[in-house]
file structure18.txt (compact mmCIF, C-alpha atoms)
# COMPACT_ATOMS: atom_id res chain seq x y z
CA MET B 85 19.16 -7.86 -19.42
CA ARG B 86 21.06 -4.73 -18.48
CA VAL B 87 19.40 -2.47 -15.95
CA LYS B 88 18.44 0.92 -17.37
CA GLY B 89 18.55 4.19 -15.51
CA PHE B 90 20.98 6.16 -13.41
CA ALA B 91 22.45 6.26 -9.92
CA ALA B 92 24.71 8.80 -8.25
CA ASP B 93 28.13 7.45 -7.24
CA GLU B 94 27.14 7.35 -3.57
CA PHE B 95 24.31 4.97 -4.47
CA ASP B 96 26.16 2.63 -6.82
CA GLY B 97 25.81 -0.16 -4.26
CA ALA B 98 22.04 -0.11 -4.78
CA ARG B 99 22.58 -0.25 -8.54
CA ARG B 100 24.83 -3.28 -8.21
CA VAL B 101 22.35 -5.12 -6.00
CA PHE B 102 19.51 -4.35 -8.38
CA GLN B 103 21.53 -5.52 -11.39
CA GLN B 104 22.47 -8.74 -9.57
CA LEU B 105 18.84 -9.47 -8.77
CA VAL B 106 18.00 -9.22 -12.46
CA ASP B 107 21.08 -11.19 -13.56
CA ASP B 108 20.29 -13.99 -11.09
CA GLY B 109 16.68 -14.22 -12.23
CA ARG B 110 15.36 -13.36 -8.78
CA GLU B 111 13.84 -10.27 -10.36
CA THR B 112 11.96 -10.38 -13.66
CA GLY B 113 10.49 -6.89 -13.60
CA ALA B 114 10.91 -4.01 -11.16
CA GLY B 115 11.58 -0.34 -10.68
CA LEU B 116 13.84 1.27 -8.07
CA SER B 117 13.80 4.94 -7.14
CA VAL B 118 15.77 6.79 -4.44
CA TRP B 119 15.32 10.46 -3.56
CA ARG B 120 17.51 12.76 -1.48
CA GLY B 121 17.32 16.50 -0.96
CA GLY B 122 14.34 16.89 -3.26
CA HIS B 123 16.00 15.11 -6.19
CA GLU B 124 15.83 11.60 -7.60
CA VAL B 125 19.35 10.21 -7.29
CA VAL B 126 18.55 6.66 -8.40
CA ARG B 127 16.11 5.61 -11.10
CA LEU B 128 16.51 2.04 -12.30
CA SER B 129 14.33 -0.23 -14.41
CA GLY B 130 15.00 -3.91 -14.98
CA GLY B 131 13.31 -6.88 -16.57
CA TRP B 132 9.94 -6.92 -18.25
CA ALA B 133 6.45 -5.64 -17.59
CA ASP B 134 4.94 -8.92 -18.77
CA THR B 135 5.98 -12.42 -19.83
CA GLU B 136 4.44 -12.91 -23.26
CA GLN B 137 4.94 -9.59 -25.06
CA ARG B 138 8.20 -8.84 -23.24
CA ARG B 139 7.52 -5.15 -22.78
CA PRO B 140 10.65 -3.72 -21.15
CA TRP B 141 10.07 -2.27 -17.71
CA SER B 142 10.42 1.51 -17.92
CA GLU B 143 10.28 4.48 -15.60
CA SER B 144 6.60 4.93 -16.54
CA THR B 145 5.55 1.34 -15.73
CA LEU B 146 2.69 1.07 -13.25
CA VAL B 147 2.48 -1.91 -10.92
CA GLN B 148 0.31 -3.00 -8.02
CA PRO B 149 2.43 -3.14 -4.83
CA TYR B 150 -0.36 -4.49 -2.64
CA SER B 151 -0.38 -2.88 0.84
CA VAL B 152 1.96 -0.06 -0.13
CA ALA B 153 -1.49 1.27 -1.10
CA LYS B 154 -2.65 1.77 2.49
CA PRO B 155 -0.89 5.08 3.32
CA PHE B 156 -2.42 6.51 0.14
CA ALA B 157 -5.90 5.19 0.93
CA SER B 158 -5.81 6.74 4.39
CA LEU B 159 -5.16 10.17 2.89
CA ALA B 160 -8.58 10.09 1.25
CA ALA B 161 -10.15 9.85 4.70
CA LEU B 162 -7.90 12.51 6.21
CA VAL B 163 -8.75 15.02 3.49
CA ALA B 164 -12.38 14.59 4.50
CA VAL B 165 -11.40 15.10 8.16
CA ARG B 166 -9.68 18.36 7.28
CA GLY B 167 -12.75 19.45 5.36
CA GLY B 168 -14.95 18.84 8.41
CA ALA B 169 -17.00 15.98 6.98
CA LEU B 170 -15.92 13.59 9.73
CA ASP B 171 -13.78 13.41 12.85
CA LEU B 172 -10.97 11.05 13.77
CA ASP B 173 -12.40 10.22 17.17
CA GLU B 174 -16.16 10.28 16.70
CA PRO B 175 -17.89 6.90 16.30
CA ILE B 176 -18.20 6.20 12.59
CA GLY B 177 -21.61 4.68 13.24
CA GLY B 178 -22.79 8.25 13.64
CA TYR B 179 -22.19 8.69 9.92
CA TRP B 180 -22.52 5.12 8.64
CA ARG B 181 -25.64 4.10 10.53
CA GLU B 182 -25.69 0.49 9.31
CA TYR B 183 -22.18 0.00 10.71
CA GLY B 184 -22.69 1.01 14.33
CA ILE B 185 -24.05 -2.32 15.58
CA ARG B 186 -22.91 -5.61 17.17
CA GLY B 187 -20.04 -4.14 19.21
CA LYS B 188 -18.92 -1.56 16.66
CA GLU B 189 -20.91 1.31 18.18
CA ARG B 190 -17.75 3.05 19.46
CA THR B 191 -15.43 2.27 16.52
CA THR B 192 -13.73 5.44 15.30
CA LEU B 193 -11.92 6.43 12.15
CA ARG B 194 -8.70 6.44 14.18
CA HIS B 195 -9.32 2.79 15.02
CA VAL B 196 -9.77 2.01 11.32
CA LEU B 197 -6.67 3.88 10.15
CA THR B 198 -4.49 2.27 12.84
CA HIS B 199 -5.80 -1.28 12.27
CA GLN B 200 -7.62 -1.45 15.61
CA ALA B 201 -11.20 -1.72 14.31
CA GLY B 202 -11.36 -5.46 14.94
CA GLN B 203 -12.04 -6.36 11.31
CA PRO B 204 -8.68 -7.55 9.94
CA ARG B 205 -10.51 -9.84 7.50
CA PHE B 206 -13.88 -10.07 5.81
CA PRO B 207 -16.41 -12.23 7.69
CA VAL B 208 -17.26 -15.78 6.70
CA ALA B 209 -20.60 -14.47 5.46
CA ALA B 210 -18.71 -12.74 2.63
CA ALA B 211 -17.11 -15.97 1.37
CA GLY B 212 -19.49 -16.28 -1.55
CA LEU B 213 -19.17 -12.68 -2.71
CA ASN B 214 -17.32 -11.65 -5.84
CA LEU B 215 -13.97 -9.96 -5.26
CA LEU B 216 -15.29 -6.88 -7.07
CA ASP B 217 -18.64 -6.68 -5.27
CA GLU B 218 -17.72 -3.48 -3.48
CA ALA B 219 -21.17 -2.80 -2.05
CA GLY B 220 -21.67 -6.38 -0.89
CA LEU B 221 -18.28 -6.53 0.82
CA SER B 222 -18.86 -3.21 2.59
CA ARG B 223 -22.28 -4.41 3.71
CA SER B 224 -20.73 -7.60 5.11
CA LEU B 225 -18.41 -5.51 7.30
CA ALA B 226 -21.28 -3.33 8.50
CA GLN B 227 -23.32 -6.37 9.50
CA ALA B 228 -20.51 -8.34 11.17
CA ALA B 229 -19.36 -8.28 14.78
CA PRO B 230 -15.69 -7.32 15.27
CA GLU B 231 -13.17 -10.01 16.18
CA TYR B 232 -12.20 -8.02 19.28
CA VAL B 233 -13.41 -4.88 21.00
CA PRO B 234 -12.25 -1.99 18.80
CA GLY B 235 -9.28 -0.18 20.27
CA THR B 236 -8.16 -3.09 22.46
CA SER B 237 -5.93 -4.93 19.98
CA MET B 238 -4.52 -4.46 16.50
CA GLY B 239 -3.78 -6.42 13.37
CA GLU B 240 -3.32 -5.13 9.85
CA HIS B 241 -6.71 -4.88 8.13
CA ALA B 242 -5.27 -6.60 5.10
CA LEU B 243 -8.14 -6.55 2.60
CA THR B 244 -10.78 -4.65 4.58
CA TYR B 245 -8.93 -1.35 5.06
CA GLY B 246 -10.12 0.39 1.91
CA HIS B 247 -13.71 -0.82 2.19
CA LEU B 248 -13.97 0.54 5.74
CA ILE B 249 -12.62 3.93 4.66
CA ASP B 250 -14.88 3.97 1.62
CA GLY B 251 -17.95 3.13 3.69
CA VAL B 252 -17.47 5.99 6.10
CA LEU B 253 -16.58 8.44 3.30
CA ARG B 254 -19.74 7.63 1.39
CA ALA B 255 -21.84 8.08 4.52
CA SER B 256 -20.17 11.24 5.84
CA ALA B 257 -18.90 13.11 2.80
CA GLY B 258 -21.13 11.76 0.05
CA THR B 259 -18.13 10.63 -1.99
CA SER B 260 -16.16 7.44 -2.50
CA LEU B 261 -12.55 6.69 -1.62
CA GLY B 262 -11.73 6.43 -5.32
CA GLU B 263 -13.28 9.80 -6.09
CA MET B 264 -11.53 11.49 -3.17
CA PHE B 265 -8.15 10.00 -4.02
CA ASN B 266 -8.21 10.40 -7.79
CA GLY B 267 -9.94 13.77 -7.73
CA VAL B 268 -8.25 15.47 -4.75
CA VAL B 269 -5.27 13.58 -3.30
CA ARG B 270 -3.67 12.45 -6.55
CA PRO B 271 -3.54 15.89 -8.26
CA ALA B 272 -2.56 17.68 -5.05
CA LEU B 273 0.46 15.42 -4.59
CA GLY B 274 1.32 15.08 -8.29
CA LEU B 275 1.16 11.29 -8.11
CA GLU B 276 1.56 8.86 -10.98
CA ALA B 277 -0.76 6.52 -9.11
CA TRP B 278 -4.42 5.55 -9.28
CA PHE B 279 -7.12 3.59 -7.54
CA GLY B 280 -8.92 2.50 -10.69
CA VAL B 281 -6.52 2.90 -13.63
CA PRO B 282 -7.91 5.12 -16.42
CA THR B 283 -8.46 3.36 -19.73
CA ASP B 284 -5.77 5.36 -21.52
CA GLU B 285 -3.18 4.34 -18.88
CA LEU B 286 -3.83 0.58 -18.91
CA GLY B 287 -1.02 -0.06 -21.38
CA ARG B 288 1.50 1.00 -18.72
CA VAL B 289 0.47 -1.64 -16.16
CA ALA B 290 2.78 -4.58 -15.44
CA ASP B 291 1.46 -8.12 -15.07
CA LEU B 292 2.05 -9.77 -11.71
CA GLU B 293 3.57 -13.25 -11.64
CA TYR B 294 4.50 -15.81 -8.98
CA ALA B 295 8.15 -16.56 -8.27
CA ASP B 296 6.84 -20.01 -7.31
CA PRO B 297 3.38 -21.36 -8.19
CA GLU B 298 2.99 -22.55 -4.59
CA TRP B 299 3.79 -19.14 -3.12
CA PRO B 300 0.21 -18.12 -2.18
CA SER B 301 -0.43 -21.32 -0.23
CA ARG B 302 2.73 -20.91 1.87
CA LEU B 303 1.97 -17.44 3.18
CA PRO B 304 1.65 -17.11 6.97
CA SER B 305 -0.92 -14.36 6.31
CA ALA B 306 -3.16 -16.57 4.16
CA PRO B 307 -6.03 -16.71 6.73
CA TRP B 308 -6.50 -12.95 6.41
CA LEU B 309 -6.57 -13.08 2.61
CA GLU B 310 -8.93 -15.95 1.86
CA ILE B 311 -12.22 -14.02 1.80
CA PRO B 312 -13.22 -13.02 -0.79
CA SER B 313 -11.21 -15.37 -2.98
CA GLY B 314 -8.98 -14.04 -5.73
CA ALA B 315 -6.86 -11.24 -4.24
CA LEU B 316 -3.69 -13.27 -4.83
CA ASP B 317 -4.86 -14.95 -8.05
CA THR B 318 -2.82 -13.45 -10.87
CA ARG B 319 -5.58 -14.31 -13.34
CA ARG B 320 -7.87 -11.97 -11.40
CA VAL B 321 -5.49 -9.20 -10.44
CA ASN B 322 -4.03 -8.95 -13.96
CA SER B 323 -7.49 -8.42 -15.42
CA ARG B 324 -8.74 -5.11 -16.75
CA ALA B 325 -11.77 -5.32 -14.44
CA TRP B 326 -9.57 -5.49 -11.33
CA ARG B 327 -7.21 -2.75 -12.50
CA GLN B 328 -10.09 -0.38 -13.10
CA ALA B 329 -11.88 -1.24 -9.85
CA VAL B 330 -11.19 0.32 -6.45
CA PHE B 331 -10.07 -2.22 -3.83
CA ALA B 332 -8.07 0.34 -1.95
CA GLY B 333 -6.52 -1.87 0.71
CA VAL B 334 -4.28 -3.32 -1.99
CA ASN B 335 -4.88 -2.22 -5.57
CA LEU B 336 -3.12 1.10 -6.03
CA HIS B 337 -1.18 1.08 -9.31
CA ALA B 338 1.85 3.35 -9.25
CA THR B 339 5.36 4.01 -10.54
CA ALA B 340 8.41 3.56 -8.33
CA THR B 341 9.47 7.16 -8.92
CA SER B 342 6.13 8.53 -7.78
CA VAL B 343 5.99 6.42 -4.62
CA ALA B 344 9.57 7.32 -3.65
CA ALA B 345 8.91 11.01 -4.31
CA PHE B 346 5.87 10.81 -2.01
CA PHE B 347 7.91 9.27 0.83
CA SER B 348 10.78 11.72 0.29
CA ARG B 349 8.75 14.68 1.59
CA LEU B 350 6.42 12.76 3.84
CA THR B 351 7.59 14.41 7.06
CA ASP B 352 8.07 17.93 5.65
CA ALA B 353 5.54 20.29 7.22
CA ASP B 354 5.70 22.47 4.10
CA GLY B 355 5.74 19.50 1.70
CA PRO B 356 2.83 18.33 -0.45
CA VAL B 357 1.30 16.10 2.23
CA GLY B 358 1.67 18.82 4.85
CA GLU B 359 -0.06 21.32 2.57
CA LEU B 360 -2.82 18.85 1.75
CA LEU B 361 -3.62 17.99 5.37
CA GLY B 362 -2.64 21.13 7.27
CA SER B 363 -0.08 21.18 10.06
CA GLU B 364 -2.08 19.51 12.86
CA LEU B 365 -3.45 16.65 10.80
CA HIS B 366 -0.11 16.17 9.05
CA ARG B 367 1.58 15.66 12.44
CA GLU B 368 -1.08 13.09 13.28
CA TYR B 369 -0.55 11.31 9.96
CA VAL B 370 3.19 10.68 10.42
CA SER B 371 3.31 10.32 14.22
CA ALA B 372 3.21 7.07 16.17
CA GLN B 373 -0.40 6.32 17.11
CA VAL B 374 -0.26 2.85 18.61
CA THR B 375 2.51 0.39 19.45
CA GLY B 376 1.90 -3.22 20.30
CA HIS B 377 1.63 -6.79 19.11
CA ASP B 378 0.16 -6.89 15.62
CA THR B 379 -1.84 -10.11 15.50
CA VAL B 380 -1.50 -10.43 11.71
CA PHE B 381 2.24 -9.78 11.50
CA GLY B 382 2.90 -11.64 14.73
CA THR B 383 5.36 -9.05 15.98
CA GLU B 384 5.45 -5.68 17.74
CA LEU B 385 4.82 -2.74 15.42
CA THR B 386 4.05 0.96 15.56
CA TRP B 387 1.31 2.26 13.29
CA THR B 388 0.85 5.87 12.26
CA LEU B 389 -2.38 6.92 10.52
CA GLY B 390 -0.97 5.37 7.34
CA PRO B 391 2.48 3.73 7.22
CA LEU B 392 4.50 1.93 9.87
CA ARG B 393 7.12 3.78 11.89
CA ASP B 394 10.15 2.92 13.98
CA THR B 395 13.17 4.87 15.23
CA GLY B 396 14.92 4.77 11.87
CA LYS B 397 12.24 4.95 9.20
CA ILE B 398 8.65 5.40 8.11
CA ALA B 399 7.77 2.54 5.79
CA LYS B 400 5.17 0.35 4.16
CA GLY B 401 5.52 -2.86 2.25
CA GLY B 402 3.19 -5.09 0.35
CA ILE B 403 2.78 -8.80 0.03
CA GLY B 404 4.89 -10.06 -2.84
CA GLY B 405 7.98 -7.98 -2.11
CA SER B 406 7.34 -4.31 -2.90
CA ALA B 407 8.34 -1.75 -0.26
CA ALA B 408 8.81 1.99 0.21
CA TRP B 409 10.31 4.01 3.04
CA TRP B 410 11.66 7.29 4.29
CA SER B 411 14.94 6.83 6.13
CA ILE B 412 14.88 9.14 9.14
CA THR B 413 18.46 8.12 9.85
CA HIS B 414 19.94 8.84 6.42
CA GLY B 415 17.56 11.39 4.91
CA HIS B 416 16.61 9.51 1.77
CA ALA B 417 13.49 7.82 0.45
CA CYS B 418 13.32 4.61 -1.53
CA ALA B 419 10.67 2.65 -3.44
CA TYR B 420 11.27 -0.82 -4.80
CA LEU B 421 8.22 -2.00 -6.73
CA THR B 422 8.16 -5.45 -8.30
CA ARG B 423 5.80 -7.62 -10.32
CA ARG B 424 7.43 -10.89 -9.19
CA LEU B 425 5.53 -12.07 -6.13
CA ASP B 426 7.94 -13.50 -3.57
CA ASP B 427 9.30 -12.58 -0.15
CA HIS B 428 10.85 -9.28 0.98
CA SER B 429 14.49 -10.37 0.72
CA ARG B 430 15.06 -8.34 -2.46
CA ALA B 431 13.86 -5.09 -0.92
CA ALA B 432 15.88 -5.89 2.22
CA GLU B 433 19.06 -6.27 0.13
CA ILE B 434 18.40 -2.94 -1.59
CA ALA B 435 17.83 -1.36 1.82
CA ALA B 436 21.07 -2.82 3.19
CA ALA B 437 22.98 -1.34 0.25
CA LEU B 438 21.57 2.04 1.25
CA GLY B 439 22.50 1.52 4.91
CA ASP B 440 18.88 0.93 5.96
CA ASP B 441 17.36 -1.89 8.01
CA LEU B 442 14.16 -3.23 6.51
CA THR B 443 13.50 -5.92 9.08
CA VAL B 444 9.96 -4.62 9.67
CA LYS B 445 8.15 -6.46 6.92
CA ALA B 446 4.76 -5.70 5.49
CA GLU B 447 3.30 -8.95 4.25
CA HIS B 448 0.02 -7.67 2.83

call {"tool": "encode", "arguments": {"input": "structure18.txt", "output": "structure tokens"}}
result
Amino acid sequence: MRVKGFAADEFDGARRVFQQLVDDGRETGAGLSVWRGGHEVVRLSGGWADTEQRRPWSESTLVQPYSVAKPFASLAALVAVRGGALDLDEPIGGYWREYGIRGKERTTLRHVLTHQAGQPRFPVAAAGLNLLDEAGLSRSLAQAAPEYVPGTSMGEHALTYGHLIDGVLRASAGTSLGEMFNGVVRPALGLEAWFGVPTDELGRVADLEYADPEWPSRLPSAPWLEIPSGALDTRRVNSRAWRQAVFAGVNLHATATSVAAFFSRLTDADGPVGELLGSELHREYVSAQVTGHDTVFGTELTWTLGPLRDTGKIAKGGIGGSAAWWSITHGHACAYLTRRLDDHSRAAEIAAALGDDLTVKAEH
């Protein structure tokens, strides 16, 4: 299948890599978008949005890129901070009373947003809960002791991130993460992205598929994804119920163009994110907050209040192979969103064609 879209001459290398991925069968459905200087210079679509109906992937296709969702989820909390409903450094137990127990009395929103809250996975007590039992899962986090003293270690809060943000938003601002994102963040940033896909947009969503049926069982990160069961089960995550639910650690559904556009002005003080958060909070959002050994990734990382950051880029990836980044070095943004769940080698090859190093993976 020929790749559809356009690429400026300077970015033809990315087009060739993308086409080769499709030709080789390593990619069965994906979108690629690159932005520079406020303009989209690459927009490519390849493969299909599903297997049975063979809907061609298009520029309007929505797909779930797993943890690429996290920088968007954190914005819902930061909007509430700007509005005065909560504070980054006050104990969240002061708002969410049920949460401030068993060693979590001093946990702050900053700890949550930087993956230092000590709850990188749901507790064993949540093993019998349904994947979509939002209230039950949040309650399990409130009742559990942290795995380490908050603020003393870090590890990506793979599935728990959105539920922690949602819990404190409900307690402090009287609103949910989904309501704050879809009602405030999404329109302010002009995003083609939702937590909880509206009914009239469901026809745009791509089905996820495994590159290898054994892929989920081989993941190094599997221990952080086991409870509740189903987050990697394509039968569950391709369902209408999941797509219309809010599981904000992982289930944003978005287009590649929209995600790349978001990253392209991420650091601009006068850009959409800067206007949404205000200058002080915007600086906090994109600045390095904590650097150290991430116990989930197993390597040294630097977290901001949303994405990861290093000397050359601000980035976030998701388990299965999707990734997005702003290249500080080269002044362009890229989003590669795929439905074919595999490793991050495809995004790394796209990045290399753009002169970027995507060695910092995001496996959730």

call {"tool": "closest_atom_pairs", "arguments": {"input": "structure18.txt", "of": "region 270-351 of chain B", "to": "region 375-388 of chain B", "cutoff": "10 Å", "atoms": "all atoms listed in the file", "output": "JSON lines"}}
result
{"residue": "B:Pro304", "atom": "CA", "partner": "B:Phe381", "partner_atom": "CA", "distance": 8.6}
{"residue": "B:Ser305", "atom": "CA", "partner": "B:Val380", "partner_atom": "CA", "distance": 6.7}
{"residue": "B:Ala306", "atom": "CA", "partner": "B:Val380", "partner_atom": "CA", "distance": 9.9}
{"residue": "B:Pro307", "atom": "CA", "partner": "B:Val380", "partner_atom": "CA", "distance": 9.2}
{"residue": "B:Trp308", "atom": "CA", "partner": "B:Val380", "partner_atom": "CA", "distance": 7.7}

call {"tool": "closest_residue", "arguments": {"input": "structure18.txt", "among": "B:Ser222, B:Tyr420, B:Val165, B:Leu442", "to": "Thr395 (chain B)", "atoms": "all atoms listed in the file"}}
result
B:Leu442

call {"tool": "atom_distance", "arguments": {"input": "structure18.txt", "atom1": "CA of Ala229 (chain B)", "atom2": "CA of Arg205 (chain B)"}}
result
11.6 Å

call {"tool": "axis_aligned_box", "arguments": {"input": "structure18.txt", "around": "region 347-365 of chain B", "padding_each_side": "8 Å", "output": "lines of an AutoDock Vina configuration file"}}
result
center_x = 3.6
center_y = 15.9
center_z = 6.2
size_x = 30.4
size_y = 29.2
size_z = 29.3

call {"tool": "residues_around", "arguments": {"input": "structure18.txt", "residues": "Asn266 (chain B)", "least_positions_apart": "3", "cutoff": "9 Å", "atoms": "all atoms listed in the file", "output": "PyMOL selection string"}}
result
chain B and resi 261-263+269-271+277-280

call {"tool": "closest_residue", "arguments": {"input": "structure18.txt", "among": "B:Leu286, B:Ile249, B:Cys418, B:Thr145", "to": "Val126 (chain B)", "atoms": "only C-alpha atoms"}}
result
B:Cys418

call {"tool": "closest_residue", "arguments": {"input": "structure18.txt", "among": "B:Glu368, B:Glu231, B:Asp173, B:Asp108", "to": "Pro391 (chain B)", "atoms": "only C-alpha atoms"}}
result
B:Glu368

call {"tool": "closest_residue", "arguments": {"input": "structure18.txt", "among": "B:Asp291, B:Asp441, B:Ile185, B:Ala91", "to": "His123 (chain B)", "atoms": "only C-alpha atoms"}}
result
B:Ala91

call {"tool": "closest_residue", "arguments": {"input": "structure18.txt", "among": "B:Leu392, B:Ser237, B:Ala344, B:Asp217", "to": "Ala329 (chain B)", "atoms": "only C-alpha atoms"}}
result
B:Asp217

call {"tool": "atom_distance", "arguments": {"input": "structure18.txt", "atom1": "CA of Asp354 (chain B)", "atom2": "CA of Thr339 (chain B)"}}
result
23.6 Å

call {"tool": "build_atoms", "arguments": {"input": "structure18.txt", "residues": "region 341-349 of chain B", "atoms": "all heavy atoms", "output": "compact mmCIF listing (two decimals), in the coordinates of the input"}}
result
# COMPACT_ATOMS: atom_id res chain seq x y z
N THR B 341 9.04 5.77 -9.10
CA THR B 341 9.47 7.16 -8.92
C THR B 341 8.44 7.96 -8.14
O THR B 341 8.78 8.73 -7.23
CB THR B 341 9.71 7.83 -10.29
OG1 THR B 341 10.91 7.28 -10.86
CG2 THR B 341 9.88 9.33 -10.16
N SER B 342 7.17 7.77 -8.45
CA SER B 342 6.13 8.53 -7.78
C SER B 342 6.01 8.15 -6.31
O SER B 342 5.86 9.02 -5.44
CB SER B 342 4.79 8.32 -8.50
OG SER B 342 3.83 9.23 -8.02
N VAL B 343 6.09 6.86 -6.01
CA VAL B 343 5.99 6.42 -4.62
C VAL B 343 7.18 6.92 -3.81
O VAL B 343 7.02 7.39 -2.68
CB VAL B 343 5.86 4.89 -4.55
CG1 VAL B 343 5.94 4.40 -3.11
CG2 VAL B 343 4.55 4.44 -5.19
N ALA B 344 8.39 6.83 -4.37
CA ALA B 344 9.57 7.32 -3.65
C ALA B 344 9.51 8.83 -3.45
O ALA B 344 9.89 9.34 -2.38
CB ALA B 344 10.84 6.93 -4.41
N ALA B 345 9.04 9.55 -4.45
CA ALA B 345 8.91 11.01 -4.31
C ALA B 345 7.94 11.35 -3.18
O ALA B 345 8.17 12.28 -2.39
CB ALA B 345 8.43 11.62 -5.62
N PHE B 346 6.85 10.61 -3.09
CA PHE B 346 5.87 10.81 -2.01
C PHE B 346 6.53 10.62 -0.64
O PHE B 346 6.41 11.48 0.25
CB PHE B 346 4.72 9.82 -2.19
CG PHE B 346 3.81 9.71 -1.01
CD1 PHE B 346 2.82 10.64 -0.78
CD2 PHE B 346 3.93 8.63 -0.12
CE1 PHE B 346 1.98 10.53 0.33
CE2 PHE B 346 3.09 8.51 0.97
CZ PHE B 346 2.11 9.47 1.20
N PHE B 347 7.26 9.53 -0.46
CA PHE B 347 7.91 9.27 0.83
C PHE B 347 9.02 10.27 1.13
O PHE B 347 9.32 10.55 2.29
CB PHE B 347 8.45 7.84 0.87
CG PHE B 347 7.44 6.82 1.33
CD1 PHE B 347 6.53 6.28 0.43
CD2 PHE B 347 7.38 6.43 2.65
CE1 PHE B 347 5.58 5.35 0.85
CE2 PHE B 347 6.43 5.51 3.09
CZ PHE B 347 5.53 4.97 2.18
N SER B 348 9.64 10.83 0.08
CA SER B 348 10.78 11.72 0.29
C SER B 348 10.41 13.01 1.01
O SER B 348 11.27 13.61 1.65
CB SER B 348 11.45 12.05 -1.06
OG SER B 348 10.67 12.95 -1.81
N ARG B 349 9.16 13.45 0.91
CA ARG B 349 8.75 14.68 1.59
C ARG B 349 7.63 14.41 2.58
O ARG B 349 6.90 15.32 2.97
CB ARG B 349 8.32 15.72 0.56
CG ARG B 349 9.44 16.12 -0.40
CD ARG B 349 9.16 17.44 -1.09
NE ARG B 349 9.14 18.54 -0.14
CZ ARG B 349 8.72 19.77 -0.44
NH1 ARG B 349 8.29 20.04 -1.68
NH2 ARG B 349 8.72 20.73 0.47
